[in-house]
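J.: Contents are mmCIF, C-alpha atoms and all ligand atoms; file name work_16.cif:
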```cif
data_work
#
loop_
_atom_site.label_atom_id
_atom_site.label_comp_id
_atom_site.auth_asym_id
_atom_site.auth_seq_id
_atom_site.Cartn_x
_atom_site.Cartn_y
_atom_site.Cartn_z
CA MET A 1 -6.87 3.87 -3.33
CA GLN A 2 -7.53 7.38 -4.48
CA LEU A 3 -9.25 7.70 -7.86
CA SER A 4 -9.98 10.87 -9.82
CA ALA A 5 -13.56 12.17 -9.67
CA GLU A 6 -14.15 11.05 -13.28
CA THR A 7 -12.89 7.51 -12.67
CA GLU A 8 -14.69 7.25 -9.32
CA ALA A 9 -18.02 8.07 -11.00
CA LEU A 10 -17.36 5.47 -13.73
CA VAL A 11 -16.34 2.87 -11.16
CA GLN A 12 -19.53 3.35 -9.17
CA GLN A 13 -21.62 2.93 -12.30
CA ALA A 14 -19.58 -0.10 -13.40
CA ASN A 15 -19.90 -1.78 -10.00
CA LYS A 16 -23.71 -1.58 -10.16
CA ILE A 17 -23.63 -3.09 -13.66
CA TYR A 18 -21.29 -5.85 -12.52
CA LEU A 19 -23.52 -6.78 -9.58
CA LYS A 20 -26.60 -6.93 -11.81
CA ASN A 21 -24.87 -9.42 -14.09
CA PHE A 22 -22.57 -11.52 -11.89
CA PRO A 23 -22.49 -12.92 -8.37
CA ALA A 24 -20.46 -10.92 -5.83
CA THR A 25 -17.48 -13.28 -6.04
CA THR A 26 -14.00 -13.21 -7.49
CA CYS A 27 -11.16 -15.69 -7.93
CA PHE A 28 -7.56 -16.06 -8.97
CA GLU A 29 -6.78 -17.28 -12.47
CA ARG A 30 -3.50 -19.06 -13.08
CA ALA A 31 -1.85 -18.91 -16.51
CA ILE A 32 0.20 -22.06 -16.95
CA PHE A 33 3.31 -21.67 -19.08
CA PHE A 34 5.15 -24.41 -20.93
CA SER A 35 8.30 -22.47 -21.82
CA TRP A 36 10.44 -19.43 -21.21
CA TRP A 37 11.64 -19.34 -24.79
CA CYS A 38 9.93 -17.58 -27.68
CA GLY A 39 10.46 -17.67 -31.44
CA ILE A 40 9.53 -13.97 -31.70
CA ASN A 41 11.40 -12.62 -28.73
CA ASP A 42 11.22 -8.89 -29.46
CA CYS A 43 7.98 -7.55 -27.95
CA GLY A 44 9.06 -4.35 -26.26
CA PHE A 45 7.33 -5.03 -22.92
CA CYS A 46 8.11 -8.74 -22.57
CA TYR A 47 10.88 -9.94 -20.28
CA MET A 48 11.70 -12.60 -22.88
CA SER A 49 12.88 -9.82 -25.21
CA ALA A 50 15.56 -8.92 -22.66
CA LEU A 51 16.99 -12.42 -22.38
CA PRO A 52 20.38 -12.78 -24.12
CA LYS A 53 19.47 -14.38 -27.46
CA ASP A 54 22.64 -16.46 -27.80
CA LYS A 55 22.42 -17.79 -24.26
CA VAL A 56 18.79 -18.89 -24.15
CA SER A 57 18.40 -22.45 -25.31
CA LYS A 58 14.96 -23.55 -26.46
CA GLU A 59 15.41 -27.03 -24.97
CA GLU A 60 16.48 -25.77 -21.55
CA SER A 61 13.62 -23.26 -21.38
CA ILE A 62 10.87 -25.82 -21.93
CA ARG A 63 9.14 -27.19 -18.87
CA HIS A 64 8.82 -30.87 -18.22
CA GLU A 65 5.25 -32.07 -18.67
CA SER A 66 5.12 -33.41 -15.11
CA SER A 67 5.68 -29.89 -13.79
CA ILE A 68 2.90 -28.48 -16.00
CA LEU A 69 0.50 -31.23 -14.92
CA ALA A 70 1.40 -30.91 -11.22
CA GLU A 71 0.64 -27.20 -11.38
CA THR A 72 -2.62 -27.91 -13.24
CA TRP A 73 -3.70 -30.32 -10.52
CA LEU A 74 -2.81 -27.88 -7.74
CA CYS A 75 -4.79 -25.23 -9.58
CA LYS A 76 -7.84 -27.45 -9.25
CA LYS A 77 -7.16 -28.35 -5.62
CA LEU A 78 -6.67 -24.72 -4.54
CA GLY A 79 -9.75 -23.46 -6.38
CA TRP A 80 -7.86 -21.40 -8.94
CA GLU A 81 -9.29 -21.05 -12.43
CA PHE A 82 -7.04 -22.30 -15.23
CA GLY A 83 -6.49 -18.96 -16.99
CA PHE A 84 -4.90 -20.31 -20.15
CA PHE A 85 -2.17 -22.63 -21.42
CA SER A 86 0.63 -20.52 -22.80
CA GLY A 87 4.27 -20.34 -23.73
CA GLY A 88 6.65 -18.72 -26.16
CA ILE A 89 5.66 -18.94 -29.79
CA ASN A 90 6.93 -22.11 -31.54
CA ALA A 91 8.38 -23.52 -28.33
CA PHE A 92 6.06 -26.54 -28.68
CA ASN A 93 4.98 -28.08 -31.98
CA VAL A 94 1.34 -28.87 -32.78
CA ASP A 95 1.56 -32.53 -31.76
CA LYS A 96 3.13 -31.65 -28.43
CA VAL A 97 0.51 -28.98 -27.71
CA THR A 98 -2.26 -31.46 -28.60
CA ASP A 99 -0.77 -34.12 -26.34
CA MET A 100 -0.43 -31.65 -23.45
CA LEU A 101 -3.98 -30.36 -23.92
CA LYS A 102 -5.32 -33.93 -23.75
CA LYS A 103 -3.44 -34.51 -20.51
CA ILE A 104 -4.39 -31.13 -19.02
CA ASN A 105 -8.07 -31.88 -19.77
CA ILE A 106 -7.74 -35.15 -17.85
CA VAL A 107 -6.07 -33.51 -14.83
CA TYR A 108 -8.16 -30.33 -14.75
CA GLY A 109 -11.38 -32.12 -15.68
CA ASP A 110 -12.39 -29.51 -18.22
CA LYS A 111 -11.45 -27.85 -21.50
CA VAL A 112 -9.09 -24.88 -21.20
CA TRP A 113 -8.19 -21.64 -22.98
CA ILE A 114 -4.99 -21.45 -25.03
CA ASN A 115 -2.73 -18.44 -25.59
CA ILE A 116 -0.07 -19.71 -27.96
CA GLY A 117 0.07 -17.21 -30.79
CA ALA A 118 -2.07 -16.81 -33.90
CA VAL A 119 -3.19 -20.38 -34.52
CA PRO A 120 -4.18 -21.22 -38.12
CA LYS A 121 -7.61 -22.75 -38.80
CA PRO A 122 -6.54 -26.38 -39.48
CA VAL A 123 -4.60 -26.38 -36.20
CA LEU A 124 -7.55 -24.91 -34.31
CA GLN A 125 -9.59 -27.85 -35.62
CA LYS A 126 -7.03 -30.18 -34.12
CA TYR A 127 -7.18 -28.49 -30.71
CA LEU A 128 -10.98 -28.11 -30.82
CA PRO A 129 -11.88 -31.16 -28.67
CA TYR A 130 -9.69 -29.87 -25.81
CA ILE A 131 -10.16 -26.09 -25.73
CA LYS A 132 -12.96 -23.73 -24.84
CA GLY A 133 -11.41 -20.77 -26.59
CA VAL A 134 -8.40 -18.85 -27.81
CA VAL A 135 -6.67 -15.88 -26.24
CA GLY A 136 -5.17 -13.49 -28.78
CA SER A 137 -2.32 -11.46 -27.33
CA VAL A 138 -3.19 -8.35 -29.31
CA GLU A 139 -1.98 -6.15 -26.40
CA THR A 140 -3.24 -2.81 -27.80
CA VAL A 141 -5.75 -1.60 -30.38
CA ASN A 142 -3.67 1.47 -31.27
CA ASP A 143 -1.87 0.55 -34.50
CA GLU A 144 1.08 2.90 -33.96
CA VAL A 145 1.62 1.68 -30.41
CA HIS A 146 1.34 -1.89 -31.65
CA LYS A 147 4.12 -1.39 -34.22
CA LYS A 148 6.41 -0.16 -31.47
CA ALA A 149 5.41 -2.70 -28.80
CA CYS A 150 5.19 -5.80 -31.01
CA PRO A 151 7.40 -5.23 -34.08
CA SER A 152 7.35 -8.90 -35.14
CA LYS A 153 3.89 -9.85 -33.91
CA PRO A 154 1.31 -8.18 -36.18
CA SER A 155 -2.33 -8.10 -35.07
CA ALA A 156 -3.88 -9.24 -38.38
CA PRO A 157 -3.19 -12.98 -37.87
CA TYR A 158 -4.78 -12.75 -34.40
CA TYR A 159 -7.90 -11.14 -35.88
CA ARG A 160 -8.03 -13.92 -38.50
CA MET A 161 -7.74 -16.46 -35.70
CA PHE A 162 -10.69 -14.82 -33.89
CA GLU A 163 -12.82 -15.11 -37.05
CA ASN A 164 -11.85 -18.75 -37.56
CA ALA A 165 -12.34 -19.64 -33.90
CA HIS A 166 -15.78 -18.04 -33.81
CA ALA A 167 -16.76 -19.91 -36.98
CA ILE A 168 -16.04 -23.27 -35.35
CA GLY A 169 -17.78 -22.45 -32.10
CA LEU A 170 -14.86 -21.43 -29.91
CA GLN A 171 -14.79 -18.41 -27.62
CA ASN A 172 -12.40 -15.51 -28.13
CA ALA A 173 -10.43 -13.63 -25.51
CA MET A 174 -7.99 -10.77 -25.99
CA THR A 175 -5.18 -9.25 -23.97
CA PHE A 176 -4.80 -5.50 -23.47
CA ILE A 177 -1.82 -4.03 -21.63
CA VAL A 178 -2.64 -0.66 -20.12
CA GLY A 179 0.41 1.61 -20.26
CA LEU A 180 1.95 0.72 -23.64
CA GLY A 181 1.22 4.20 -24.98
CA GLU A 182 -2.49 4.05 -25.78
CA THR A 183 -4.67 7.05 -24.93
CA ARG A 184 -8.25 7.21 -23.74
CA ALA A 185 -9.19 8.26 -27.28
CA ASP A 186 -8.49 4.63 -28.27
CA PHE A 187 -11.44 3.35 -26.25
CA PRO A 188 -13.96 3.41 -29.17
CA LYS A 189 -11.52 1.25 -31.16
CA LEU A 190 -11.46 -1.26 -28.32
CA VAL A 191 -15.28 -1.33 -28.29
CA GLU A 192 -15.32 -1.87 -32.06
CA THR A 193 -12.74 -4.68 -31.78
CA ILE A 194 -14.66 -6.49 -29.02
CA ARG A 195 -17.86 -6.34 -31.10
CA LYS A 196 -16.30 -7.20 -34.45
CA TYR A 197 -14.35 -10.22 -33.21
CA HIS A 198 -16.91 -11.60 -30.74
CA ILE A 199 -14.58 -11.17 -27.77
CA SER A 200 -16.18 -12.71 -24.68
CA LYS A 201 -13.25 -12.22 -22.32
CA LEU A 202 -10.72 -9.43 -21.90
CA HIS A 203 -7.45 -9.70 -19.97
CA PHE A 204 -6.61 -6.18 -18.78
CA TYR A 205 -2.98 -6.14 -17.72
CA GLY A 206 -0.89 -3.21 -16.56
CA LEU A 207 2.57 -2.65 -18.01
CA VAL A 208 5.42 -3.98 -15.89
CA PRO A 209 8.58 -2.10 -16.98
CA HIS A 210 11.05 -5.00 -17.03
CA GLU A 211 14.73 -4.19 -16.92
CA GLY A 212 16.44 -4.49 -20.30
CA THR A 213 13.23 -4.11 -22.34
CA LEU A 214 12.14 -1.20 -24.55
CA TYR A 215 9.73 -0.13 -21.80
CA ALA A 216 12.27 -0.38 -18.96
CA GLU A 217 12.06 3.36 -18.23
CA ALA A 218 8.30 3.66 -18.83
CA GLN A 219 5.85 4.46 -16.07
CA ALA A 220 3.67 1.62 -14.84
CA PRO A 221 0.02 2.63 -15.28
CA SER A 222 -1.66 4.10 -12.21
CA VAL A 223 -4.59 2.40 -10.53
CA ASP A 224 -6.72 5.25 -11.88
CA GLU A 225 -5.72 4.44 -15.44
CA GLN A 226 -6.27 0.68 -15.14
CA ALA A 227 -9.60 1.24 -13.33
CA TRP A 228 -10.73 3.75 -15.99
CA TRP A 229 -10.24 1.21 -18.80
CA ILE A 230 -11.92 -1.59 -16.88
CA ALA A 231 -14.88 0.55 -15.80
CA GLN A 232 -15.48 1.93 -19.29
CA THR A 233 -15.37 -1.59 -20.69
CA ARG A 234 -17.72 -2.95 -18.02
CA ILE A 235 -20.22 -0.17 -18.75
CA ALA A 236 -20.05 -0.84 -22.50
CA PHE A 237 -20.19 -4.65 -22.07
CA PRO A 238 -22.20 -5.67 -18.98
CA LYS A 239 -21.69 -9.41 -19.55
CA LEU A 240 -18.06 -9.49 -20.72
CA ASP A 241 -15.68 -11.59 -18.62
CA ILE A 242 -12.97 -9.14 -17.52
CA GLN A 243 -9.78 -10.26 -15.86
CA CYS A 244 -7.42 -7.79 -14.22
CA GLY A 245 -3.73 -8.53 -14.18
CA ILE A 246 -1.93 -7.26 -11.11
CA TRP A 247 1.55 -7.94 -9.74
CA SER A 248 2.69 -8.68 -6.23
CA ASP A 249 3.57 -5.00 -5.66
CA ARG A 250 0.17 -3.83 -6.95
CA THR A 251 -2.15 -5.79 -4.70
CA LYS A 252 -3.47 -2.64 -3.03
CA ARG A 253 -5.27 -1.67 -6.22
CA ILE A 254 -7.38 -4.83 -6.43
CA SER A 255 -10.46 -3.53 -4.60
CA SER A 256 -10.63 -0.57 -7.00
CA LEU A 257 -10.28 -2.84 -10.03
CA LEU A 258 -13.01 -5.14 -8.72
CA HIS A 259 -15.28 -2.16 -8.11
CA ALA A 260 -14.49 -1.13 -11.68
CA GLY A 261 -16.08 -4.38 -12.81
CA ALA A 262 -13.30 -6.96 -13.12
CA ASN A 263 -14.41 -10.57 -12.59
CA SER A 264 -11.10 -12.18 -11.68
CA ILE A 265 -7.47 -11.54 -10.80
CA SER A 266 -4.32 -12.82 -12.50
CA LYS A 267 -0.56 -12.23 -12.76
CA PHE A 268 0.57 -13.27 -9.34
CA GLN A 269 3.29 -15.81 -8.51
CA ALA A 270 0.74 -17.83 -6.60
CA ILE A 271 2.92 -20.84 -5.76
CA LYS A 272 6.15 -19.07 -4.83
CA LEU A 273 4.29 -16.32 -2.99
CA PHE A 274 1.62 -18.59 -1.49
CA ALA A 275 0.53 -17.47 1.99
CA THR A 276 2.82 -14.44 1.93
CA LYS A 277 1.75 -10.89 2.74
CA PRO A 278 0.82 -10.05 -0.89
CA ALA A 279 -1.27 -13.27 -1.07
CA LYS A 280 -3.10 -12.26 2.12
CA ASP A 281 -3.54 -8.76 0.70
CA ILE A 282 -5.25 -10.17 -2.40
CA GLU A 283 -7.82 -12.03 -0.32
CA ALA A 284 -8.38 -8.98 1.91
CA GLN A 285 -8.70 -6.70 -1.11
CA ALA A 286 -11.35 -8.99 -2.59
CA VAL A 287 -13.44 -8.45 0.55
CA LEU A 288 -12.81 -4.68 0.40
CA GLY A 289 -13.99 -4.83 -3.20
CA GLY A 290 -17.29 -6.33 -2.01
CA ARG A 291 -16.54 -9.85 -3.24
CA LYS A 292 -16.20 -13.29 -1.72
CA PHE A 293 -12.83 -14.77 -2.73
CA LEU A 294 -13.29 -18.27 -4.15
CA GLY A 295 -10.43 -20.71 -3.64
CA THR A 296 -7.38 -19.89 -1.55
CA LEU A 297 -3.99 -18.22 -1.86
CA THR A 298 -3.20 -18.61 1.82
CA SER A 299 -4.26 -21.94 3.34
CA LEU A 300 -3.23 -25.37 2.15
CA PRO A 301 -6.02 -27.90 1.72
CA ASN A 302 -5.38 -31.60 2.36
CA VAL A 303 -3.82 -32.90 -0.82
CA ASP A 304 -3.48 -36.64 -1.31
CA VAL A 305 -1.04 -37.25 -4.17
CA SER A 306 -2.23 -40.86 -4.53
CA GLU A 307 -5.27 -39.36 -6.34
CA ILE A 308 -2.89 -38.74 -9.26
CA ASP A 309 -2.93 -42.51 -9.96
CA ALA A 310 -6.52 -42.17 -11.17
CA PHE A 311 -5.49 -40.08 -14.19
CA GLY A 312 -4.21 -43.24 -15.88
CA PHE A 313 -0.82 -41.95 -17.05
CA ASP A 314 2.11 -44.37 -17.26
CA THR A 315 4.02 -45.09 -14.06
CA GLU A 316 6.98 -42.89 -14.90
CA LEU A 317 4.87 -39.80 -15.64
CA THR A 318 2.59 -40.47 -12.65
CA ASN A 319 5.59 -40.65 -10.32
CA HIS A 320 7.08 -37.49 -11.80
CA ILE A 321 3.80 -35.57 -11.31
CA LYS A 322 3.61 -36.76 -7.70
CA LYS A 323 7.20 -35.72 -7.04
CA LYS A 324 6.71 -32.30 -8.61
CA THR A 325 3.45 -31.78 -6.70
CA GLN A 326 5.22 -32.58 -3.44
CA GLN A 327 7.96 -30.06 -4.28
CA TYR A 328 5.38 -27.34 -4.90
CA LEU A 329 3.51 -28.21 -1.69
CA LYS A 330 6.76 -28.08 0.28
CA LEU A 331 7.47 -24.62 -1.10
CA MET A 332 3.99 -23.40 -0.16
CA LYS A 333 4.17 -24.95 3.31
CA ARG A 334 7.56 -23.31 3.90
CA ASN A 335 5.89 -19.90 3.44
CA ILE A 336 3.30 -20.83 6.05
CA ASP A 337 5.85 -22.13 8.56
CA ARG A 338 8.30 -19.28 8.06
CA PRO A 339 6.80 -16.05 6.69
CA LEU A 340 8.98 -14.57 3.94
CA SER A 341 10.66 -11.24 4.60
CA GLU A 342 9.98 -8.19 2.42
CA GLU A 343 13.42 -8.67 0.78
CA GLU A 344 12.67 -12.32 -0.04
CA ILE A 345 9.33 -11.34 -1.56
CA ILE A 346 10.99 -8.68 -3.71
CA SER A 347 13.65 -11.10 -4.87
CA ILE A 348 10.98 -13.67 -5.91
CA ARG A 349 9.01 -10.94 -7.69
CA THR A 350 12.00 -9.83 -9.72
CA GLU A 351 13.62 -13.17 -10.44
S1 LIG B 401 5.35 -13.19 -28.60
FE1 LIG B 401 4.74 -13.26 -26.44
S2 LIG B 401 6.37 -14.42 -25.43
FE2 LIG B 401 7.16 -13.80 -27.45
S3 LIG B 401 8.25 -11.89 -27.05
FE3 LIG B 401 6.16 -11.35 -27.65
S4 LIG B 401 5.01 -11.19 -25.70
FE4 LIG B 401 6.94 -12.27 -25.27
#
```
What is this file in structure tokens?
T.:
Amino acid sequence: MQLSAETEALVQQANKIYLKNFPATTCFERAIFFSWWCGINDCGFCYMSALPKDKVSKEESIRHESSILAETWLCKKLGWEFGFFSGGINAFNVDKVTDMLKKINIVYGDKVWINIGAVPKPVLQKYLPYIKGVVGSVETVNDEVHKKACPSKPSAPYYRMFENAHAIGLQNAMTFIVGLGETRADFPKLVETIRKYHISKLHFYGLVPHEGTLYAEAQAPSVDEQAWWIAQTRIAFPKLDIQCGIWSDRTKRISSLLHAGANSISKFQAIKLFATKPAKDIEAQAVLGGRKFLGTLTSLPNVDVSEIDAFGFDTELTNHIKKKTQQYLKLMKRNIDRPLSEEEIISIRTE
């Protein structure tokens, strides 16, 4: 995709830095959500802020644990990284999160990142055996933009969480949504924030103007803009783990974002859109970006659900996970047997 001369020069520099510090690979990272309900519910860019408040029931918006664990297991089988465990703020209490983290560790075979709001220190201690780090959804480092975008989600508690997490040996990651209203003059503040709060991973998303939200009429950021931020960050932080969030209608920008120095790709409906044209585009774009794509978004490996018995959960939960896994596999296989039309892909993207 066409980049400006300034961004192109930065991207070329960033790509050299990336290749000096990382292997020429990339992968898909899956964020696994436990709810579609949030106790804050008014971030201006978030689709949850557009849901009718009186009609969204917390109970109905929470996922069954078997569905979360089935998706976690498929993540492992398909070679996707577990991006983070997330959900609306206060949708799960501390005991429920702890219980789910224990189970996710068993199924995924590793500790995971969490992105569940600004977690206080005593609670972090509780999650410590099961997590590798915390993701703070700071979204922007521009204070004025932050007030508009996240009126009820101040940054200060996230920065406190970063300090507490670092003190107990956890890693810190931060989200940044390009397109909320920041300007390039905010870049030094981002550099300062990464240094000050020991950020080892940055999730660089691009605004998706969801209908009914404050940003519904806003422009989605161009590939040039997203690549500029990623390249500048790669140049300033050669070893930072940078993830680029895309969307199924933005797959064509992936090679540019990888050249700009992103490590991995996220924000794609990988199960529902498995083996579809956008999924194939992602793998092809990885190659165009000079990377080998690890894992798969297009071909189903042999999956034997009887392996789920080995996790040692009770019979009821084990059977539920198997059933849910089979449902997901059926959905993915359907896309292979009968390629989805453009209209079907659009309707999945916007549902
Ligand atoms: S806190 Fe997170 S889930 Fe809740 S409205 Fe804001 S962005 Fe959406």
J.: Go through chain A residue by residue and, counting only C-alpha atoms and all ligand atoms, keep those with an atom at most 8 Å from ligand LIG 401 (chain B); for each kept residue give the shortest atom pair and its distance in Å to one decimal, ordered by chain and increasing number, as a Markdown table.
T.:
```
| residue | atom | partner | partner_atom | distance |
| --- | --- | --- | --- | --- |
| A:Trp36 | CA | B:LIG401 | S2 | 7.7 |
| A:Trp37 | CA | B:LIG401 | S2 | 7.2 |
| A:Cys38 | CA | B:LIG401 | FE2 | 4.7 |
| A:Gly39 | CA | B:LIG401 | FE2 | 6.5 |
| A:Ile40 | CA | B:LIG401 | FE2 | 4.9 |
| A:Asn41 | CA | B:LIG401 | S3 | 3.6 |
| A:Asp42 | CA | B:LIG401 | S3 | 4.9 |
| A:Cys43 | CA | B:LIG401 | FE3 | 4.2 |
| A:Gly44 | CA | B:LIG401 | S3 | 7.6 |
| A:Phe45 | CA | B:LIG401 | S4 | 7.1 |
| A:Cys46 | CA | B:LIG401 | FE4 | 4.6 |
| A:Tyr47 | CA | B:LIG401 | FE4 | 6.8 |
| A:Met48 | CA | B:LIG401 | FE4 | 5.3 |
| A:Ser49 | CA | B:LIG401 | S3 | 5.4 |
| A:Gly87 | CA | B:LIG401 | S2 | 6.5 |
| A:Gly88 | CA | B:LIG401 | S2 | 4.4 |
| A:Ile89 | CA | B:LIG401 | FE2 | 5.8 |
| A:Gly117 | CA | B:LIG401 | S1 | 7.0 |
| A:Ser137 | CA | B:LIG401 | FE1 | 7.3 |
| A:Cys150 | CA | B:LIG401 | FE3 | 6.6 |
| A:Ser152 | CA | B:LIG401 | FE3 | 8.0 |
| A:Lys153 | CA | B:LIG401 | S1 | 6.4 |
```
J.: Counting all atoms listed in the file, which of A:Lys280, A:His203, A:Lys239, A:Lys272 gets nearest to Gln327 in chain A?
T.: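 Residue with the minimum atom-to-atom distance to Gln327 in chain A: A:Lys272.
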J.: Just how far from CA of Glu139 in chain A is CA of Leu207 in chain A, in Å to one decimal?
T.: 10.2 Å
J.: Nearest to Leu273 in chain A: which of A:Ser347, A:Gln2, A:Ser57, A:Asn142 is it, counting only C-alpha atoms?
T.: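 The closest residue to Leu273 in chain A is A:Ser347.
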J.: Which polymer residues have any atom within 8 Å of an atom of Ala14 in chain A, counting all atoms listed in the file, with same-chain residues fewer than 3 positions away left out, as a list in words?
T.: Leu10, Val11, Ile17, Tyr18, Ala231, Gln232, Arg234, Ile235, His259, Ala260 and Gly261 of chain A
J.: Under the rule that only C-alpha atoms are counted, which of A:Phe268, A:Ala216, A:Glu71, A:Ala227 is the nearest residue to Glu6 in chain A?
T.: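 Selected residue with least distance to Glu6 in chain A: A:Ala227.
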J.: Any idea what the distance is between CA of Tyr215 in chain A and CA of Val145 in chain A?
T.: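 Separation of CA of Tyr215 in chain A and CA of Val145 in chain A: 12.0 Å.
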J.: Would you mind listing what lies within 6 Å of Phe204 in chain A as a ChimeraX atom specification, with only C-alpha atoms counted and same-chain residues fewer than 5 positions away left out?
T.: /A:176-177,243-245
J.: When you look at range 305-317 of chain A with a cut-off of 12 Å (counting all atoms listed in the file), what residues show up, excluding the ones that are within fewer than 6 positions of it in the same chain? I need them as a list in words.
T.: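 Result of the neighbour search: His64, Glu65, Ser66, Ser67, Ile68, Leu69, Ala70, Thr72, Trp73, Leu74, Lys77, Lys102, Lys103, Ile104, Asn105, Ile106, Val107, Tyr108, Gly109, Lys323, Lys324, Thr325, Gln326, Gln327, Tyr328 and Leu329 of chain A.
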J.: Would you output that residue set with C-alpha atoms, as a PDB file, in the frame of the given file?
T.:
```pdb
ATOM      1  CA  HIS A  64       8.820 -30.870 -18.220  1.00  0.00           C
ATOM      2  CA  GLU A  65       5.250 -32.070 -18.670  1.00  0.00           C
ATOM      3  CA  SER A  66       5.120 -33.410 -15.110  1.00  0.00           C
ATOM      4  CA  SER A  67       5.680 -29.890 -13.790  1.00  0.00           C
ATOM      5  CA  ILE A  68       2.900 -28.480 -16.000  1.00  0.00           C
ATOM      6  CA  LEU A  69       0.500 -31.230 -14.920  1.00  0.00           C
ATOM      7  CA  ALA A  70       1.400 -30.910 -11.220  1.00  0.00           C
ATOM      8  CA  THR A  72      -2.620 -27.910 -13.240  1.00  0.00           C
ATOM      9  CA  TRP A  73      -3.700 -30.320 -10.520  1.00  0.00           C
ATOM     10  CA  LEU A  74      -2.810 -27.880  -7.740  1.00  0.00           C
ATOM     11  CA  LYS A  77      -7.160 -28.350  -5.620  1.00  0.00           C
ATOM     12  CA  LYS A 102      -5.320 -33.930 -23.750  1.00  0.00           C
ATOM     13  CA  LYS A 103      -3.440 -34.510 -20.510  1.00  0.00           C
ATOM     14  CA  ILE A 104      -4.390 -31.130 -19.020  1.00  0.00           C
ATOM     15  CA  ASN A 105      -8.070 -31.880 -19.770  1.00  0.00           C
ATOM     16  CA  ILE A 106      -7.740 -35.150 -17.850  1.00  0.00           C
ATOM     17  CA  VAL A 107      -6.070 -33.510 -14.830  1.00  0.00           C
ATOM     18  CA  TYR A 108      -8.160 -30.330 -14.750  1.00  0.00           C
ATOM     19  CA  GLY A 109     -11.380 -32.120 -15.680  1.00  0.00           C
ATOM     20  CA  LYS A 323       7.200 -35.720  -7.040  1.00  0.00           C
ATOM     21  CA  LYS A 324       6.710 -32.300  -8.610  1.00  0.00           C
ATOM     22  CA  THR A 325       3.450 -31.780  -6.700  1.00  0.00           C
ATOM     23  CA  GLN A 326       5.220 -32.580  -3.440  1.00  0.00           C
ATOM     24  CA  GLN A 327       7.960 -30.060  -4.280  1.00  0.00           C
ATOM     25  CA  TYR A 328       5.380 -27.340  -4.900  1.00  0.00           C
ATOM     26  CA  LEU A 329       3.510 -28.210  -1.690  1.00  0.00           C
TER      27      LEU A 329
END
```
J.: Let me make sure I understand: among A:Ile114, A:Leu19, A:Leu101, A:Ala50, which one has the smallest atom-to-atom distance to Pro129 in chain A if we use all atoms listed in the file?
T.: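 Using all atoms listed in the file, the shortest distance to Pro129 in chain A belongs to A:Leu101.
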J.: Out of A:Lys20, A:Lys189, A:His198, A:Lys111, which residue has the shortest atom-to-atom distance to Ala167 in chain A when counting only C-alpha atoms?
T.: A:His198
J.: Could you tell me how far CA of Tyr159 in chain A lies from CA of Glu182 in chain A, in Å and to one decimal?
T.: 19.0 Å
J.: Under the rule that all atoms listed in the file are counted, which of A:Ser341, A:Asn263, A:Ser299, A:Ser4 is the nearest residue to Leu78 in chain A?
T.: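 Ranked by minimum distance to Leu78 in chain A, first place goes to A:Ser299.
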J.: For Lys277 in chain A, list every protein, DNA or RNA residue within 9 Å, evaluated using all atoms listed in the file, and leave out those in the same chain fewer than 3 positions away; present the list as a PDB file with C-alpha atoms, in the frame of the given file.
T.:
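What landed in around.pdb:
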```
ATOM      1  CA  LEU A 273       4.290 -16.320  -2.990  1.00  0.00           C
ATOM      2  CA  PHE A 274       1.620 -18.590  -1.490  1.00  0.00           C
ATOM      3  CA  LYS A 280      -3.100 -12.260   2.120  1.00  0.00           C
ATOM      4  CA  ASP A 281      -3.540  -8.760   0.700  1.00  0.00           C
ATOM      5  CA  ILE A 282      -5.250 -10.170  -2.400  1.00  0.00           C
ATOM      6  CA  PRO A 339       6.800 -16.050   6.690  1.00  0.00           C
ATOM      7  CA  LEU A 340       8.980 -14.570   3.940  1.00  0.00           C
ATOM      8  CA  GLU A 342       9.980  -8.190   2.420  1.00  0.00           C
ATOM      9  CA  ILE A 345       9.330 -11.340  -1.560  1.00  0.00           C
TER      10      ILE A 345
END
```
J.: At a cut-off of 8 Å, using all atoms listed in the file, what residues contact Ser86 in chain A? Leave out same-chain residues fewer than 2 positions from it and give the result as a list in words.
T.: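 The filter keeps Ala31, Ile32, Phe33, Phe34, Ser35, Phe84, Gly88, Ile114, Asn115 and Ile116 of chain A.
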